[in-house]
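A.B. asks: For reference, this is query_9.tsv, and it has TSV, N, CA and C atoms.
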chain	number	residue	atom	x	y	z
A	1	MET	N	-0.15	22.22	-9.62
A	1	MET	CA	-0.70	22.23	-8.27
A	1	MET	C	-0.59	23.64	-7.70
A	2	LEU	N	-1.55	23.98	-6.90
A	2	LEU	CA	-1.59	25.29	-6.29
A	2	LEU	C	-0.39	25.51	-5.39
A	3	MET	N	-0.01	24.47	-4.65
A	3	MET	CA	1.12	24.59	-3.73
A	3	MET	C	2.39	24.95	-4.50
A	4	LEU	N	2.65	24.29	-5.61
A	4	LEU	CA	3.85	24.58	-6.40
A	4	LEU	C	3.80	25.98	-6.98
A	5	GLN	N	2.62	26.38	-7.38
A	5	GLN	CA	2.46	27.72	-7.95
A	5	GLN	C	2.74	28.77	-6.89
A	6	LEU	N	2.25	28.57	-5.67
A	6	LEU	CA	2.50	29.53	-4.59
A	6	LEU	C	3.99	29.61	-4.27
A	7	VAL	N	4.65	28.46	-4.21
A	7	VAL	CA	6.09	28.46	-3.90
A	7	VAL	C	6.87	29.13	-5.03
A	8	ASP	N	6.51	28.83	-6.28
A	8	ASP	CA	7.19	29.43	-7.43
A	8	ASP	C	6.97	30.94	-7.50
A	9	ASP	N	5.83	31.40	-7.03
A	9	ASP	CA	5.52	32.84	-7.05
A	9	ASP	C	6.06	33.56	-5.83
A	10	ASP	N	6.96	32.90	-5.10
A	10	ASP	CA	7.57	33.48	-3.88
A	10	ASP	C	6.53	33.94	-2.87
A	11	HIS	N	5.62	33.04	-2.58
A	11	HIS	CA	4.61	33.32	-1.55
A	11	HIS	C	5.31	33.67	-0.25
A	12	TYR	N	4.72	34.55	0.54
A	12	TYR	CA	5.38	34.99	1.79
A	12	TYR	C	5.60	33.84	2.76
A	13	ASP	N	4.81	32.76	2.67
A	13	ASP	CA	4.99	31.61	3.57
A	13	ASP	C	5.43	30.37	2.78
A	14	ALA	N	6.29	30.57	1.80
A	14	ALA	CA	6.75	29.46	0.95
A	14	ALA	C	7.42	28.37	1.80
A	15	ASP	N	8.19	28.78	2.82
A	15	ASP	CA	8.84	27.78	3.68
A	15	ASP	C	7.81	26.96	4.45
A	16	GLY	N	6.76	27.62	4.94
A	16	GLY	CA	5.70	26.93	5.66
A	16	GLY	C	4.95	25.98	4.74
A	17	ILE	N	4.73	26.40	3.50
A	17	ILE	CA	4.05	25.53	2.52
A	17	ILE	C	4.89	24.31	2.24
A	18	ARG	N	6.19	24.50	2.04
A	18	ARG	CA	7.08	23.34	1.79
A	18	ARG	C	7.09	22.39	3.00
A	19	ARG	N	7.17	23.00	4.19
A	19	ARG	CA	7.20	22.19	5.41
A	19	ARG	C	5.91	21.37	5.54
A	20	ARG	N	4.77	22.01	5.28
A	20	ARG	CA	3.49	21.31	5.36
A	20	ARG	C	3.41	20.20	4.31
A	21	ARG	N	3.91	20.49	3.08
A	21	ARG	CA	3.94	19.48	2.02
A	21	ARG	C	4.77	18.28	2.46
A	22	ASP	N	5.94	18.55	3.06
A	22	ASP	CA	6.80	17.46	3.52
A	22	ASP	C	6.12	16.64	4.61
A	23	GLU	N	5.39	17.31	5.49
A	23	GLU	CA	4.66	16.60	6.55
A	23	GLU	C	3.59	15.68	5.95
A	24	VAL	N	2.85	16.21	4.99
A	24	VAL	CA	1.80	15.42	4.35
A	24	VAL	C	2.40	14.23	3.61
A	25	LEU	N	3.49	14.47	2.89
A	25	LEU	CA	4.14	13.38	2.17
A	25	LEU	C	4.68	12.31	3.12
A	26	GLU	N	5.20	12.73	4.26
A	26	GLU	CA	5.71	11.77	5.24
A	26	GLU	C	4.56	10.95	5.84
A	27	ARG	N	3.45	11.61	6.14
A	27	ARG	CA	2.29	10.88	6.65
A	27	ARG	C	1.78	9.89	5.61
A	28	TRP	N	1.78	10.28	4.34
A	28	TRP	CA	1.34	9.39	3.25
A	28	TRP	C	2.27	8.17	3.14
A	29	ARG	N	3.59	8.42	3.27
A	29	ARG	CA	4.57	7.33	3.20
A	29	ARG	C	4.34	6.34	4.35
A	30	LYS	N	4.12	6.85	5.57
A	30	LYS	CA	3.87	5.98	6.72
A	30	LYS	C	2.58	5.20	6.56
A	31	LEU	N	1.55	5.85	5.99
A	31	LEU	CA	0.29	5.16	5.76
A	31	LEU	C	0.47	4.01	4.77
A	32	LYS	N	1.22	4.26	3.70
A	32	LYS	CA	1.46	3.19	2.72
A	32	LYS	C	2.23	2.04	3.35
A	33	GLU	N	3.23	2.36	4.18
A	33	GLU	CA	3.99	1.30	4.86
A	33	GLU	C	3.06	0.47	5.76
A	34	ALA	N	2.19	1.15	6.50
A	34	ALA	CA	1.26	0.44	7.38
A	34	ALA	C	0.31	-0.44	6.57
A	35	LEU	N	-0.16	0.06	5.44
A	35	LEU	CA	-1.05	-0.72	4.59
A	35	LEU	C	-0.35	-1.96	4.04
A	36	LEU	N	0.90	-1.80	3.63
A	36	LEU	CA	1.65	-2.95	3.12
A	36	LEU	C	1.89	-3.99	4.21
A	37	ALA	N	2.21	-3.52	5.41
A	37	ALA	CA	2.42	-4.45	6.53
A	37	ALA	C	1.13	-5.18	6.85
A	38	ASN	N	0.02	-4.47	6.82
A	38	ASN	CA	-1.28	-5.09	7.09
A	38	ASN	C	-1.62	-6.12	6.02
A	39	ARG	N	-1.34	-5.79	4.77
A	39	ARG	CA	-1.59	-6.73	3.68
A	39	ARG	C	-0.76	-8.00	3.87
A	40	GLU	N	0.47	-7.83	4.30
A	40	GLU	CA	1.34	-9.00	4.52
A	40	GLU	C	0.78	-9.87	5.64
A	41	ARG	N	0.34	-9.23	6.74
A	41	ARG	CA	-0.24	-10.01	7.84
A	41	ARG	C	-1.51	-10.74	7.40
A	42	LEU	N	-2.32	-10.08	6.57
A	42	LEU	CA	-3.52	-10.74	6.07
A	42	LEU	C	-3.17	-11.95	5.20
A	43	GLY	N	-2.13	-11.81	4.39
A	43	GLY	CA	-1.68	-12.94	3.57
A	43	GLY	C	-1.21	-14.09	4.42
A	44	GLU	N	-0.50	-13.78	5.51
A	44	GLU	CA	-0.03	-14.83	6.41
A	44	GLU	C	-1.22	-15.51	7.09
A	45	ALA	N	-2.22	-14.71	7.49
A	45	ALA	CA	-3.41	-15.28	8.13
A	45	ALA	C	-4.16	-16.18	7.16
A	46	GLN	N	-4.22	-15.77	5.90
A	46	GLN	CA	-4.90	-16.58	4.89
A	46	GLN	C	-4.16	-17.90	4.69
A	47	SER	N	-2.84	-17.85	4.67
A	47	SER	CA	-2.05	-19.08	4.52
A	47	SER	C	-2.28	-20.00	5.72
A	48	LEU	N	-2.34	-19.42	6.90
A	48	LEU	CA	-2.57	-20.22	8.10
A	48	LEU	C	-3.95	-20.87	8.06
A	49	GLN	N	-4.96	-20.11	7.62
A	49	GLN	CA	-6.30	-20.67	7.51
A	49	GLN	C	-6.34	-21.83	6.52
A	50	GLN	N	-5.68	-21.66	5.38
A	50	GLN	CA	-5.65	-22.72	4.38
A	50	GLN	C	-4.95	-23.96	4.94
A	51	PHE	N	-3.84	-23.74	5.64
A	51	PHE	CA	-3.12	-24.86	6.25
A	51	PHE	C	-4.02	-25.59	7.26
A	52	SER	N	-4.74	-24.81	8.06
A	52	SER	CA	-5.63	-25.40	9.06
A	52	SER	C	-6.73	-26.23	8.39
A	53	ARG	N	-7.29	-25.72	7.30
A	53	ARG	CA	-8.31	-26.49	6.56
A	53	ARG	C	-7.71	-27.78	6.01
A	54	ASP	N	-6.51	-27.68	5.46
A	54	ASP	CA	-5.85	-28.87	4.92
A	54	ASP	C	-5.61	-29.91	6.01
A	55	VAL	N	-5.18	-29.45	7.18
A	55	VAL	CA	-4.94	-30.37	8.30
A	55	VAL	C	-6.24	-31.04	8.72
A	56	ASP	N	-7.31	-30.25	8.80
A	56	ASP	CA	-8.61	-30.83	9.17
A	56	ASP	C	-9.04	-31.91	8.18
A	57	GLU	N	-8.89	-31.61	6.89
A	57	GLU	CA	-9.26	-32.60	5.87
A	57	GLU	C	-8.39	-33.85	5.99
A	58	MET	N	-7.10	-33.65	6.26
A	58	MET	CA	-6.20	-34.79	6.37
A	58	MET	C	-6.53	-35.62	7.60
A	59	GLU	N	-6.89	-34.96	8.72
A	59	GLU	CA	-7.28	-35.70	9.91
A	59	GLU	C	-8.50	-36.56	9.65
A	60	ILE	N	-9.47	-36.02	8.93
A	60	ILE	CA	-10.67	-36.79	8.58
A	60	ILE	C	-10.29	-37.99	7.73
A	61	TRP	N	-9.45	-37.75	6.73
A	61	TRP	CA	-9.02	-38.83	5.84
A	61	TRP	C	-8.26	-39.90	6.62
A	62	ILE	N	-7.34	-39.48	7.49
A	62	ILE	CA	-6.56	-40.45	8.27
A	62	ILE	C	-7.48	-41.25	9.20
A	63	THR	N	-8.45	-40.58	9.81
A	63	THR	CA	-9.39	-41.28	10.68
A	63	THR	C	-10.15	-42.35	9.91
A	64	GLU	N	-10.59	-42.00	8.71
A	64	GLU	CA	-11.30	-42.99	7.88
A	64	GLU	C	-10.39	-44.17	7.55
A	65	LYS	N	-9.15	-43.86	7.17
A	65	LYS	CA	-8.22	-44.93	6.79
A	65	LYS	C	-7.78	-45.74	8.01
A	66	LEU	N	-7.69	-45.08	9.15
A	66	LEU	CA	-7.31	-45.80	10.36
A	66	LEU	C	-8.39	-46.81	10.75
A	67	GLN	N	-9.64	-46.42	10.56
A	67	GLN	CA	-10.73	-47.36	10.82
A	67	GLN	C	-10.60	-48.58	9.91
A	68	THR	N	-10.24	-48.32	8.66
A	68	THR	CA	-10.06	-49.43	7.72
A	68	THR	C	-8.86	-50.28	8.14
A	69	ALA	N	-7.79	-49.61	8.54
A	69	ALA	CA	-6.56	-50.33	8.89
A	69	ALA	C	-6.71	-51.17	10.16
A	70	THR	N	-7.53	-50.70	11.09
A	70	THR	CA	-7.70	-51.45	12.34
A	70	THR	C	-8.81	-52.49	12.24
A	71	ASP	N	-9.48	-52.53	11.13
A	71	ASP	CA	-10.53	-53.53	10.92
A	71	ASP	C	-9.86	-54.90	10.76
A	72	GLU	N	-10.31	-55.83	11.52
A	72	GLU	CA	-9.71	-57.18	11.50
A	72	GLU	C	-9.92	-57.90	10.17
A	73	SER	N	-10.84	-57.43	9.37
A	73	SER	CA	-11.10	-58.11	8.10
A	73	SER	C	-9.92	-57.98	7.13
A	74	TYR	N	-8.98	-57.07	7.42
A	74	TYR	CA	-7.83	-56.96	6.51
A	74	TYR	C	-6.98	-58.22	6.54
A	75	LYS	N	-7.12	-59.00	7.58
A	75	LYS	CA	-6.35	-60.25	7.67
A	75	LYS	C	-6.89	-61.32	6.73
A	76	ASP	N	-8.12	-61.15	6.31
A	76	ASP	CA	-8.74	-62.11	5.41
A	76	ASP	C	-8.22	-61.85	4.00
A	77	PRO	N	-7.47	-62.80	3.41
A	77	PRO	CA	-6.89	-62.57	2.09
A	77	PRO	C	-7.92	-62.35	0.99
A	78	SER	N	-9.17	-62.75	1.24
A	78	SER	CA	-10.18	-62.56	0.20
A	78	SER	C	-10.64	-61.10	0.12
A	79	ASN	N	-10.31	-60.30	1.11
A	79	ASN	CA	-10.73	-58.90	1.11
A	79	ASN	C	-9.59	-58.03	0.57
A	80	ILE	N	-9.41	-58.04	-0.72
A	80	ILE	CA	-8.29	-57.35	-1.36
A	80	ILE	C	-8.40	-55.83	-1.22
A	81	GLN	N	-9.59	-55.28	-1.30
A	81	GLN	CA	-9.76	-53.82	-1.22
A	81	GLN	C	-9.29	-53.29	0.14
A	82	VAL	N	-9.61	-54.00	1.20
A	82	VAL	CA	-9.18	-53.58	2.53
A	82	VAL	C	-7.66	-53.62	2.62
A	83	CYS	N	-7.08	-54.68	2.08
A	83	CYS	CA	-5.62	-54.77	2.07
A	83	CYS	C	-4.99	-53.64	1.27
A	84	LEU	N	-5.60	-53.32	0.16
A	84	LEU	CA	-5.10	-52.22	-0.66
A	84	LEU	C	-5.22	-50.90	0.09
A	85	ASP	N	-6.35	-50.68	0.77
A	85	ASP	CA	-6.53	-49.46	1.56
A	85	ASP	C	-5.47	-49.35	2.65
A	86	TYR	N	-5.19	-50.48	3.29
A	86	TYR	CA	-4.17	-50.49	4.34
A	86	TYR	C	-2.80	-50.13	3.76
A	87	LEU	N	-2.49	-50.66	2.61
A	87	LEU	CA	-1.22	-50.36	1.96
A	87	LEU	C	-1.14	-48.88	1.59
A	88	VAL	N	-2.22	-48.33	1.06
A	88	VAL	CA	-2.26	-46.91	0.69
A	88	VAL	C	-2.05	-46.05	1.93
A	89	LEU	N	-2.71	-46.41	3.02
A	89	LEU	CA	-2.54	-45.66	4.26
A	89	LEU	C	-1.09	-45.71	4.73
A	90	PHE	N	-0.51	-46.88	4.71
A	90	PHE	CA	0.87	-47.03	5.13
A	90	PHE	C	1.80	-46.17	4.28
A	91	LEU	N	1.64	-46.23	2.97
A	91	LEU	CA	2.50	-45.46	2.07
A	91	LEU	C	2.29	-43.97	2.25
A	92	PHE	N	1.05	-43.58	2.46
A	92	PHE	CA	0.76	-42.16	2.68
A	92	PHE	C	1.42	-41.67	3.97
A	93	CYS	N	1.24	-42.41	5.04
A	93	CYS	CA	1.83	-42.02	6.32
A	93	CYS	C	3.35	-41.96	6.23
A	94	LYS	N	3.93	-42.91	5.53
A	94	LYS	CA	5.38	-42.91	5.35
A	94	LYS	C	5.83	-41.65	4.62
A	95	GLU	N	5.09	-41.27	3.58
A	95	GLU	CA	5.44	-40.07	2.82
A	95	GLU	C	5.26	-38.81	3.67
A	96	ILE	N	4.19	-38.76	4.46
A	96	ILE	CA	3.96	-37.60	5.34
A	96	ILE	C	5.10	-37.46	6.32
A	97	TRP	N	5.50	-38.56	6.95
A	97	TRP	CA	6.59	-38.48	7.91
A	97	TRP	C	7.89	-38.11	7.26
A	98	THR	N	8.12	-38.59	6.06
A	98	THR	CA	9.33	-38.22	5.33
A	98	THR	C	9.32	-36.74	5.01
A	99	TYR	N	8.18	-36.25	4.54
A	99	TYR	CA	8.05	-34.82	4.21
A	99	TYR	C	8.19	-33.96	5.46
A	100	ALA	N	7.51	-34.36	6.55
A	100	ALA	CA	7.58	-33.59	7.79
A	100	ALA	C	9.01	-33.57	8.32
A	101	GLY	N	9.72	-34.66	8.18
A	101	GLY	CA	11.11	-34.70	8.63
A	101	GLY	C	12.00	-33.78	7.82
A	102	SER	N	11.72	-33.65	6.53
A	102	SER	CA	12.54	-32.76	5.70
A	102	SER	C	12.24	-31.30	5.94
A	103	GLU	N	11.05	-30.99	6.48
A	103	GLU	CA	10.66	-29.61	6.75
A	103	GLU	C	11.26	-29.12	8.06
A	104	LEU	N	11.64	-30.04	8.93
A	104	LEU	CA	12.20	-29.64	10.22
A	104	LEU	C	13.59	-29.19	10.01
Written as C-alpha cells, how would this file's structure read?
C.D. replies:
Amino acid sequence: MLMLQLVDDDHYDADGIRRRRDEVLERWRKLKEALLANRERLGEAQSLQQFSRDVDEMEIWITEKLQTATDESYKDPSNIQVCLDYLVLFLFCKEIWTYAGSEL
C-alpha cells in the first residue's frame, strides 16, 4: 500500500498519515458495527412478520373450527366427522394453551 510505503520511507507527514489511517479504520469499524446491528434488526423484523402470518393463519383455522364446534349438528351421533372435528379443535386448543403457558 502506498500509505505503508510513505510511512516506511520516513515521509515528512508520517504521523499525519498514520493518524488519518487510524481515523479511516475507526470509521470502517463503526460502519461494520452499524451494519451488523441493522442486519440483526432486520432479522428480528422478519421473525415478527413470520409470527404475524402464523397467527393470522391460526386465527382463520380456529374460526373455521369454531364454526364447526358451535354447529348444533355435533350433537347428532350420526355426524361422526363433526364430532371428530370438535375433538380435534379441543385437543388443539388445549395444546396451544399448554404451550402458551410454558412460554410465559
A.B. asks: Just to confirm, what's the straight-line distance from atom CA of Val82 of chain A to atom CA of Thr68 of chain A in Å (one decimal)?
C.D. replies: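 Between atom CA of Val82 of chain A and atom CA of Thr68 of chain A the gap is 6.7 Å.
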A.B. asks: As number ranges by chain, which residues of chain A does DSSP assign to alpha helix (DSSP H)?
C.D. replies: A: 2-8, 14-70, 80-103
A.B. asks: Please measure the separation of atom CA of Gln5 of chain A and atom CA of Lys32 of chain A, giving the value in Å to one decimal.
C.D. replies: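 Value for the atom CA of Gln5 of chain A-atom CA of Lys32 of chain A distance: 26.8 Å.
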A.B. asks: Mind pulling up the distance from atom CA of Arg29 of chain A to atom N of Ile17 of chain A?
C.D. replies: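 These two atoms are separated by 19.1 Å.
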